[in-house]
$ cat run19.tsv   # TSV, C-alpha atoms
chain	number	residue	atom	x	y	z
U	1	MET	CA	114.82	154.02	79.67
U	2	ASN	CA	112.96	153.64	76.37
U	3	ALA	CA	109.49	152.11	76.19
U	4	LYS	CA	110.65	148.93	74.40
U	5	LEU	CA	113.32	148.14	77.02
U	6	SER	CA	110.88	148.96	79.82
U	7	SER	CA	108.20	146.60	78.48
U	8	PHE	CA	110.88	143.90	77.89
U	9	LEU	CA	112.02	144.13	81.52
U	10	ILE	CA	108.42	144.02	82.77
U	11	SER	CA	107.78	140.89	80.66
U	12	ILE	CA	110.88	139.22	82.18
U	13	VAL	CA	109.65	140.01	85.69
U	14	VAL	CA	106.15	138.71	84.92
U	15	PHE	CA	107.51	135.61	83.16
U	16	GLY	CA	109.94	135.01	86.04
U	17	SER	CA	107.19	135.22	88.62
U	18	LEU	CA	105.06	132.83	86.58
U	19	LEU	CA	107.96	130.39	86.48
U	20	GLY	CA	108.18	130.72	90.24
U	21	VAL	CA	104.54	129.71	90.51
U	22	CYS	CA	104.94	126.85	88.04
U	23	HIS	CA	107.93	125.41	89.88
U	24	GLY	CA	106.57	126.23	93.32
U	25	GLY	CA	108.56	128.02	95.99
U	26	GLU	CA	111.75	126.62	97.49
U	27	LEU	CA	112.10	124.76	100.76
U	28	ARG	CA	113.37	127.01	103.51
U	29	LYS	CA	114.13	127.21	107.20
U	30	HIS	CA	111.15	127.76	109.51
U	31	PHE	CA	108.59	127.78	106.68
U	32	TYR	CA	105.78	127.78	109.28
U	33	LYS	CA	107.19	130.62	111.39
U	34	ASP	CA	104.19	132.86	110.66
U	35	SER	CA	101.47	130.41	109.58
U	36	CYS	CA	101.94	127.92	112.45
U	37	PRO	CA	104.71	129.09	114.81
U	38	LEU	CA	104.50	126.04	117.10
U	39	ALA	CA	104.52	123.47	114.27
U	40	GLU	CA	108.08	122.18	114.70
U	41	ASP	CA	107.80	122.20	118.51
U	42	ILE	CA	104.60	120.13	118.34
U	43	VAL	CA	106.23	117.56	116.06
U	44	LYS	CA	109.29	117.29	118.29
U	45	GLU	CA	107.29	117.03	121.50
U	46	ILE	CA	105.15	114.11	120.28
U	47	ILE	CA	108.02	112.32	118.52
U	48	TRP	CA	110.31	112.56	121.56
U	49	LYS	CA	107.54	111.34	123.85
U	50	ARG	CA	106.94	108.32	121.61
U	51	VAL	CA	110.65	107.52	121.11
U	52	ALA	CA	111.17	107.65	124.89
U	53	SER	CA	108.91	104.61	125.20
U	54	ASN	CA	109.77	102.92	121.88
U	55	SER	CA	113.44	102.90	120.90
U	56	THR	CA	112.73	101.23	117.53
U	57	LEU	CA	111.01	104.34	116.14
U	58	PRO	CA	114.07	106.32	114.95
U	59	ALA	CA	115.00	103.57	112.46
U	60	LYS	CA	111.38	103.32	111.31
U	61	PHE	CA	110.99	107.07	110.69
U	62	LEU	CA	114.36	107.34	108.96
U	63	ARG	CA	113.36	104.52	106.62
U	64	MET	CA	109.88	105.98	106.08
U	65	HIS	CA	111.40	109.31	104.97
U	66	PHE	CA	113.88	107.54	102.67
U	67	HIS	CA	111.20	105.34	101.08
U	68	ASP	CA	108.91	108.35	100.70
U	69	CYS	CA	111.52	110.51	98.98
U	70	PHE	CA	112.68	107.79	96.56
U	71	VAL	CA	109.14	107.27	95.24
U	72	ARG	CA	107.59	110.33	93.54
U	73	GLY	CA	109.72	112.64	95.69
U	74	CYS	CA	109.22	113.65	99.34
U	75	ASP	CA	105.44	114.07	99.06
U	76	ALA	CA	104.08	111.72	101.78
U	77	SER	CA	102.81	109.32	99.11
U	78	VAL	CA	104.11	106.50	101.34
U	79	LEU	CA	101.41	107.37	103.91
U	80	LEU	CA	98.42	106.96	101.58
U	81	ASP	CA	96.18	103.93	102.03
U	82	SER	CA	95.14	101.71	99.14
U	83	THR	CA	91.68	102.27	97.66
U	84	THR	CA	89.28	99.86	95.94
U	85	ASN	CA	90.90	100.51	92.56
U	86	ASN	CA	94.49	101.31	93.56
U	87	GLN	CA	97.21	99.50	95.50
U	88	ALA	CA	99.33	102.10	97.27
U	89	GLU	CA	103.08	102.18	97.98
U	90	LYS	CA	102.41	100.81	101.48
U	91	GLU	CA	101.60	97.41	99.93
U	92	ALA	CA	105.00	96.99	98.26
U	93	THR	CA	107.30	94.40	99.86
U	94	PRO	CA	109.98	96.94	100.92
U	95	ASN	CA	107.28	98.95	102.74
U	96	LEU	CA	105.51	96.09	104.54
U	97	SER	CA	107.92	96.43	107.46
U	98	LEU	CA	107.50	100.20	107.80
U	99	GLY	CA	106.00	101.40	111.07
U	100	GLY	CA	105.14	104.50	113.05
U	101	PHE	CA	102.14	105.52	110.92
U	102	ASP	CA	100.05	105.89	114.09
U	103	VAL	CA	102.53	108.40	115.48
U	104	ILE	CA	102.44	110.44	112.26
U	105	ASP	CA	98.63	110.47	112.58
U	106	GLU	CA	98.90	111.64	116.20
U	107	VAL	CA	101.17	114.52	115.14
U	108	LYS	CA	98.87	115.46	112.26
U	109	THR	CA	95.78	115.46	114.50
U	110	LYS	CA	97.46	117.84	116.96
U	111	LEU	CA	98.66	120.12	114.14
U	112	GLU	CA	95.20	120.20	112.53
U	113	LYS	CA	93.71	121.32	115.86
U	114	THR	CA	96.38	124.01	116.21
U	115	CYS	CA	96.66	125.25	112.62
U	116	PRO	CA	94.09	123.58	110.33
U	117	GLY	CA	95.22	122.92	106.77
U	118	VAL	CA	98.70	124.40	107.15
U	119	VAL	CA	101.37	121.77	107.86
U	120	SER	CA	101.93	119.07	105.24
U	121	CYS	CA	102.26	115.37	105.97
U	122	ALA	CA	105.45	115.40	103.86
U	123	ASP	CA	107.05	117.91	106.25
U	124	ILE	CA	105.87	115.88	109.25
U	125	VAL	CA	107.67	112.81	107.85
U	126	ALA	CA	110.88	114.79	107.26
U	127	LEU	CA	110.76	116.32	110.75
U	128	ALA	CA	109.85	113.00	112.40
U	129	ALA	CA	112.95	111.36	110.86
U	130	ARG	CA	115.23	114.11	112.18
U	131	ASP	CA	113.56	114.45	115.60
U	132	SER	CA	113.38	110.72	116.32
U	133	VAL	CA	117.07	110.18	115.54
U	134	SER	CA	117.97	113.35	117.47
U	135	TYR	CA	116.22	112.22	120.67
U	136	GLN	CA	119.36	110.30	121.65
U	137	PHE	CA	121.33	113.57	121.62
U	138	GLN	CA	118.57	115.80	123.03
U	139	ARG	CA	119.21	118.31	120.25
U	140	PRO	CA	118.57	118.41	116.49
U	141	ILE	CA	121.49	116.79	114.68
U	142	TRP	CA	120.62	118.03	111.20
U	143	GLU	CA	118.64	120.90	109.75
U	144	VAL	CA	115.32	120.20	108.06
U	145	LEU	CA	114.09	122.72	105.50
U	146	THR	CA	110.29	122.85	105.23
U	147	GLY	CA	107.61	123.89	102.75
U	148	ARG	CA	106.87	120.53	101.11
U	149	ARG	CA	103.32	119.85	99.98
U	150	ASP	CA	101.52	116.51	99.76
U	151	GLY	CA	101.06	114.42	96.62
U	152	SER	CA	97.85	112.68	95.61
U	153	ILE	CA	99.22	109.60	93.81
U	154	SER	CA	100.59	106.45	95.44
U	155	ARG	CA	101.21	103.32	93.37
U	156	ILE	CA	102.69	100.00	94.44
U	157	SER	CA	104.49	99.72	91.08
U	158	ASP	CA	106.36	103.02	91.69
U	159	ALA	CA	107.68	101.68	94.99
U	160	PHE	CA	108.96	98.45	93.43
U	161	ARG	CA	110.60	100.45	90.63
U	162	ASN	CA	112.34	103.09	92.76
U	163	ILE	CA	113.29	101.77	96.21
U	164	PRO	CA	116.86	100.38	96.15
U	165	SER	CA	117.01	96.66	96.91
U	166	PRO	CA	119.18	95.07	99.62
U	167	PHE	CA	120.24	92.63	96.86
U	168	PHE	CA	121.64	95.39	94.60
U	169	ASN	CA	125.27	95.42	93.49
U	170	PHE	CA	127.24	98.67	93.41
U	171	ASN	CA	126.31	99.71	89.87
U	172	SER	CA	122.58	99.24	90.55
U	173	LEU	CA	122.86	101.26	93.77
U	174	LYS	CA	124.79	104.02	92.03
U	175	GLN	CA	122.16	104.22	89.26
U	176	SER	CA	119.28	104.20	91.74
U	177	PHE	CA	120.75	107.19	93.58
U	178	ALA	CA	121.78	108.98	90.37
U	179	ASN	CA	118.14	108.73	89.23
U	180	LYS	CA	117.34	110.95	92.22
U	181	SER	CA	120.26	113.34	91.56
U	182	LEU	CA	122.21	111.87	94.47
U	183	THR	CA	125.91	111.01	94.23
U	184	VAL	CA	128.05	108.02	95.24
U	185	HIS	CA	129.03	110.12	98.25
U	186	ASP	CA	125.36	110.46	99.25
U	187	LEU	CA	124.85	106.72	98.69
U	188	VAL	CA	127.63	105.81	101.13
U	189	VAL	CA	126.73	108.45	103.71
U	190	LEU	CA	123.02	107.57	103.72
U	191	SER	CA	123.82	103.85	103.96
U	192	GLY	CA	125.13	104.82	107.40
U	193	GLY	CA	121.47	104.98	108.43
U	194	HIS	CA	121.84	101.19	108.78
U	195	THR	CA	123.55	101.91	112.10
U	196	ILE	CA	120.06	101.63	113.62
U	197	GLY	CA	117.27	99.19	112.92
U	198	VAL	CA	116.91	95.55	111.95
U	199	GLY	CA	116.95	93.34	108.89
U	200	HIS	CA	114.73	90.36	108.14
U	201	CYS	CA	116.56	87.07	107.49
U	202	ASN	CA	115.10	86.60	104.02
U	203	PHE	CA	116.82	89.78	102.79
U	204	PHE	CA	120.32	88.43	103.44
U	205	SER	CA	120.10	84.67	104.08
U	206	GLN	CA	121.17	83.82	100.53
U	207	ARG	CA	124.58	85.23	101.57
U	208	LEU	CA	124.70	82.48	104.20
U	209	TYR	CA	123.30	79.44	102.37
U	210	SER	CA	123.23	79.81	98.59
U	211	PHE	CA	125.48	82.63	97.45
U	212	THR	CA	126.35	80.85	94.20
U	213	ALA	CA	123.47	79.37	92.22
U	214	GLY	CA	123.37	75.60	92.68
U	215	LYS	CA	125.88	75.59	95.53
U	216	ASN	CA	125.27	75.62	99.29
U	217	ASP	CA	127.94	78.22	99.90
U	218	ALA	CA	128.36	81.49	101.80
U	219	ASP	CA	129.34	84.90	100.42
U	220	PRO	CA	133.17	84.93	100.66
U	221	SER	CA	133.07	88.70	101.29
U	222	LEU	CA	131.15	88.15	104.54
U	223	ASN	CA	133.20	87.87	107.75
U	224	SER	CA	133.09	84.14	108.61
U	225	THR	CA	132.61	84.67	112.36
U	226	TYR	CA	129.74	87.06	111.66
U	227	ALA	CA	128.27	84.62	109.13
U	228	ALA	CA	128.37	81.84	111.76
U	229	PHE	CA	126.50	84.09	114.20
U	230	LEU	CA	123.89	85.00	111.56
U	231	LYS	CA	123.31	81.29	110.85
U	232	THR	CA	122.37	80.81	114.52
U	233	GLN	CA	119.67	83.47	114.05
U	234	CYS	CA	118.51	82.60	110.53
U	235	LYS	CA	118.44	78.82	110.34
U	236	SER	CA	117.03	78.51	106.83
U	237	LEU	CA	116.66	80.34	103.54
U	238	SER	CA	112.88	80.45	103.94
U	239	ASN	CA	112.83	82.26	107.31
U	240	ASN	CA	111.08	85.60	106.70
U	241	ILE	CA	110.10	86.29	110.31
U	242	THR	CA	113.31	86.53	112.34
U	243	ILE	CA	115.02	89.92	112.54
U	244	VAL	CA	118.61	90.76	113.44
U	245	PRO	CA	120.23	94.13	114.20
U	246	MET	CA	121.91	95.79	111.21
U	247	ASP	CA	124.61	97.14	113.57
U	248	PRO	CA	125.23	94.28	116.05
U	249	GLY	CA	127.40	96.36	118.40
U	250	SER	CA	125.02	99.26	119.02
U	251	PRO	CA	121.70	98.63	117.22
U	252	LEU	CA	119.81	101.42	118.99
U	253	SER	CA	122.57	104.03	118.96
U	254	PHE	CA	122.92	106.41	116.02
U	255	ASP	CA	126.68	106.49	115.41
U	256	ASN	CA	129.27	105.66	112.74
U	257	ASN	CA	129.73	102.02	113.82
U	258	TYR	CA	128.12	100.89	110.57
U	259	PHE	CA	131.29	101.92	108.73
U	260	LYS	CA	133.57	100.23	111.29
U	261	ASN	CA	131.53	97.03	110.85
U	262	LEU	CA	131.73	97.38	107.07
U	263	LYS	CA	135.54	97.48	107.23
U	264	LEU	CA	135.39	94.20	109.17
U	265	ASN	CA	133.26	92.72	106.34
U	266	GLN	CA	130.25	92.74	108.65
U	267	GLY	CA	127.78	94.55	106.41
U	268	LEU	CA	124.49	92.68	106.70
U	269	PHE	CA	123.08	93.09	103.20
U	270	GLN	CA	124.56	92.50	99.77
U	271	SER	CA	124.01	96.24	99.20
U	272	ASP	CA	126.18	97.05	102.25
U	273	ALA	CA	129.06	94.83	101.13
U	274	ALA	CA	128.73	96.36	97.64
U	275	LEU	CA	130.08	99.67	98.95
U	276	LEU	CA	133.53	98.05	99.32
U	277	THR	CA	133.60	96.94	95.66
U	278	ASN	CA	134.18	100.49	94.35
U	279	ASN	CA	137.19	102.69	95.07
U	280	GLU	CA	135.30	105.97	95.41
U	281	ALA	CA	132.77	104.41	97.77
U	282	THR	CA	135.49	102.69	99.81
U	283	ASN	CA	137.37	105.98	100.19
U	284	THR	CA	134.17	107.60	101.47
U	285	VAL	CA	133.69	104.72	103.95
U	286	ASP	CA	137.22	105.41	105.23
U	287	GLU	CA	136.47	109.14	105.69
U	288	LEU	CA	133.30	108.33	107.64
U	289	LEU	CA	135.26	106.32	110.21
U	290	ASP	CA	135.73	109.79	111.71
U	291	SER	CA	132.61	110.28	113.82
U	292	GLN	CA	132.42	114.05	113.36
U	293	ASP	CA	132.74	113.72	109.58
U	294	PHE	CA	129.89	111.21	109.57
U	295	PHE	CA	127.49	113.46	111.50
U	296	THR	CA	128.31	116.48	109.33
U	297	GLU	CA	128.01	114.59	106.06
U	298	PHE	CA	124.87	112.71	107.11
U	299	GLY	CA	123.11	116.02	107.77
U	300	GLN	CA	124.10	117.37	104.35
U	301	SER	CA	123.03	114.23	102.49
U	302	MET	CA	119.72	114.11	104.37
U	303	LYS	CA	119.04	117.69	103.30
U	304	ARG	CA	119.69	116.73	99.65
U	305	MET	CA	117.54	113.60	99.92
U	306	GLY	CA	114.77	115.60	101.61
U	307	ALA	CA	114.57	117.89	98.57
U	308	ILE	CA	114.04	115.17	95.93
U	309	ASP	CA	111.23	116.19	93.54
U	310	VAL	CA	109.38	118.15	96.24
U	311	LEU	CA	106.01	119.77	95.59
U	312	THR	CA	106.06	123.40	96.75
U	313	GLY	CA	104.22	126.66	96.22
U	314	SER	CA	100.84	125.93	94.64
U	315	LEU	CA	101.64	122.33	93.66
U	316	GLY	CA	100.10	119.43	95.56
U	317	GLU	CA	97.89	119.95	98.60
U	318	ILE	CA	97.95	119.99	102.39
U	319	ARG	CA	96.19	116.77	103.37
U	320	LYS	CA	93.70	116.96	106.24
U	321	LYS	CA	94.46	113.33	107.09
U	322	CYS	CA	97.79	111.81	106.11
U	323	ASN	CA	96.45	108.47	104.91
U	324	VAL	CA	93.86	109.83	102.43
U	325	VAL	CA	93.86	112.55	99.79
U	326	ASN	CA	91.51	115.49	100.33
U	327	SER	CA	88.09	114.97	98.78
$ encode --input "run19.tsv" --output "structure tokens"
Amino acid sequence: MNAKLSSFLISIVVFGSLLGVCHGGELRKHFYKDSCPLAEDIVKEIIWKRVASNSTLPAKFLRMHFHDCFVRGCDASVLLDSTTNNQAEKEATPNLSLGGFDVIDEVKTKLEKTCPGVVSCADIVALAARDSVSYQFQRPIWEVLTGRRDGSISRISDAFRNIPSPFFNFNSLKQSFANKSLTVHDLVVLSGGHTIGVGHCNFFSQRLYSFTAGKNDADPSLNSTYAAFLKTQCKSLSNNITIVPMDPGSPLSFDNNYFKNLKLNQGLFQSDAALLTNNEATNTVDELLDSQDFFTEFGQSMKRMGAIDVLTGSLGEIRKKCNVVNS
């Protein structure tokens, strides 16, 4: 090999390794295998213990992970508290109903005692989502790759700009997901997360009482029997306190009933009903009526969502406490 070619190859290797540093490493299985071997077991143990006594947590952690990843990537920015000169994501309307922050703090405290400064809050959020939903099955139902690092910026405006709204039509939903390199397929599959959890009346009551501006009418795409039931729960447009299950048949069970309800025109939000206004999305809904397909696809889409704009390698930091950046 001549000297010129040799030096050219060396420069490629050096440049390539520098690129690797610039872009950070990739997420991978068992990232903490050597640095904190018990990390994933510790997360699971605490999450399962908490879910055993609070069945609302799986929906909360799933939503926390989703809202984290859609704003600045999966970097635990959703966990940061506001400061005197900055309103954080937590303060945004879509995040006011998030919960489970105390459990994340409990996990982090235990991990810091076991392996100080090693496990990121972003990975804890991703694992908590998977482990809480998996408690029902007593086994992990999707694979979580790890190696995320924590961000240091959290702005209320970013949350308002990036979290999809329950009032969105199909095109707005499609664009919101495309902005995160997620497909229509991912949009439909991940909407299946609405099989657990609750919705506040004020996020869907216009479908019951004032669907058309200036008229006191209901959304014609909403099952009339279901609409009548919802009216007994949400008696006015202004009710922002009452909650109803998003999946009335099995609100605490993670299953594919969301899609069965959708086919009966019993999607709670405008954004649920919107999935039936597009052929590609409707075809995906039909495929997900098969339970096994839903579980397989949900795991794949969660893995894609969990990789949105992640900080890895030397980017970001490992927070000592999840609600504040390191000083």
$ closest_residue --input "run19.tsv" --among "U:Arg72, U:Arg149, U:Lys110, U:Arg63" --to "Ile318 (chain U)" --atoms "only C-alpha atoms"
U:Arg149
$ residues_around --input "run19.tsv" --residues "region 265-271 of chain U" --least-positions-apart "3" --cutoff "6 Å" --atoms "only C-alpha atoms" --output "ChimeraX atom specification"
/U:166-169,204,222-223,261-262,274
$ closest_residue --input "run19.tsv" --among "U:Lys263, U:Arg207, U:His185, U:Arg148" --to "Cys69 (chain U)" --atoms "only C-alpha atoms"
U:Arg148
$ residues_around --input "run19.tsv" --residues "region 112-122 of chain U" --least-positions-apart "4" --cutoff "7 Å" --atoms "only C-alpha atoms" --output "JSON, numbers by chain"
{"U": [36, 74, 75, 76, 108, 126, 148, 149, 150, 318, 319, 320, 322]}
$ closest_residue --input "run19.tsv" --among "U:Leu80, U:Leu38, U:Leu98, U:Ala129" --to "Arg155 (chain U)" --atoms "all atoms listed in the file"
U:Leu80
$ closest_residue --input "run19.tsv" --among "U:Lys231, U:His65, U:Gln87, U:Glu106" --to "Glu45 (chain U)" --atoms "only C-alpha atoms"
U:Glu106
$ closest_residue --input "run19.tsv" --among "U:Asn283, U:Ser53, U:Thr212, U:Ser205" --to "Ala228 (chain U)" --atoms "only C-alpha atoms"
U:Ser205
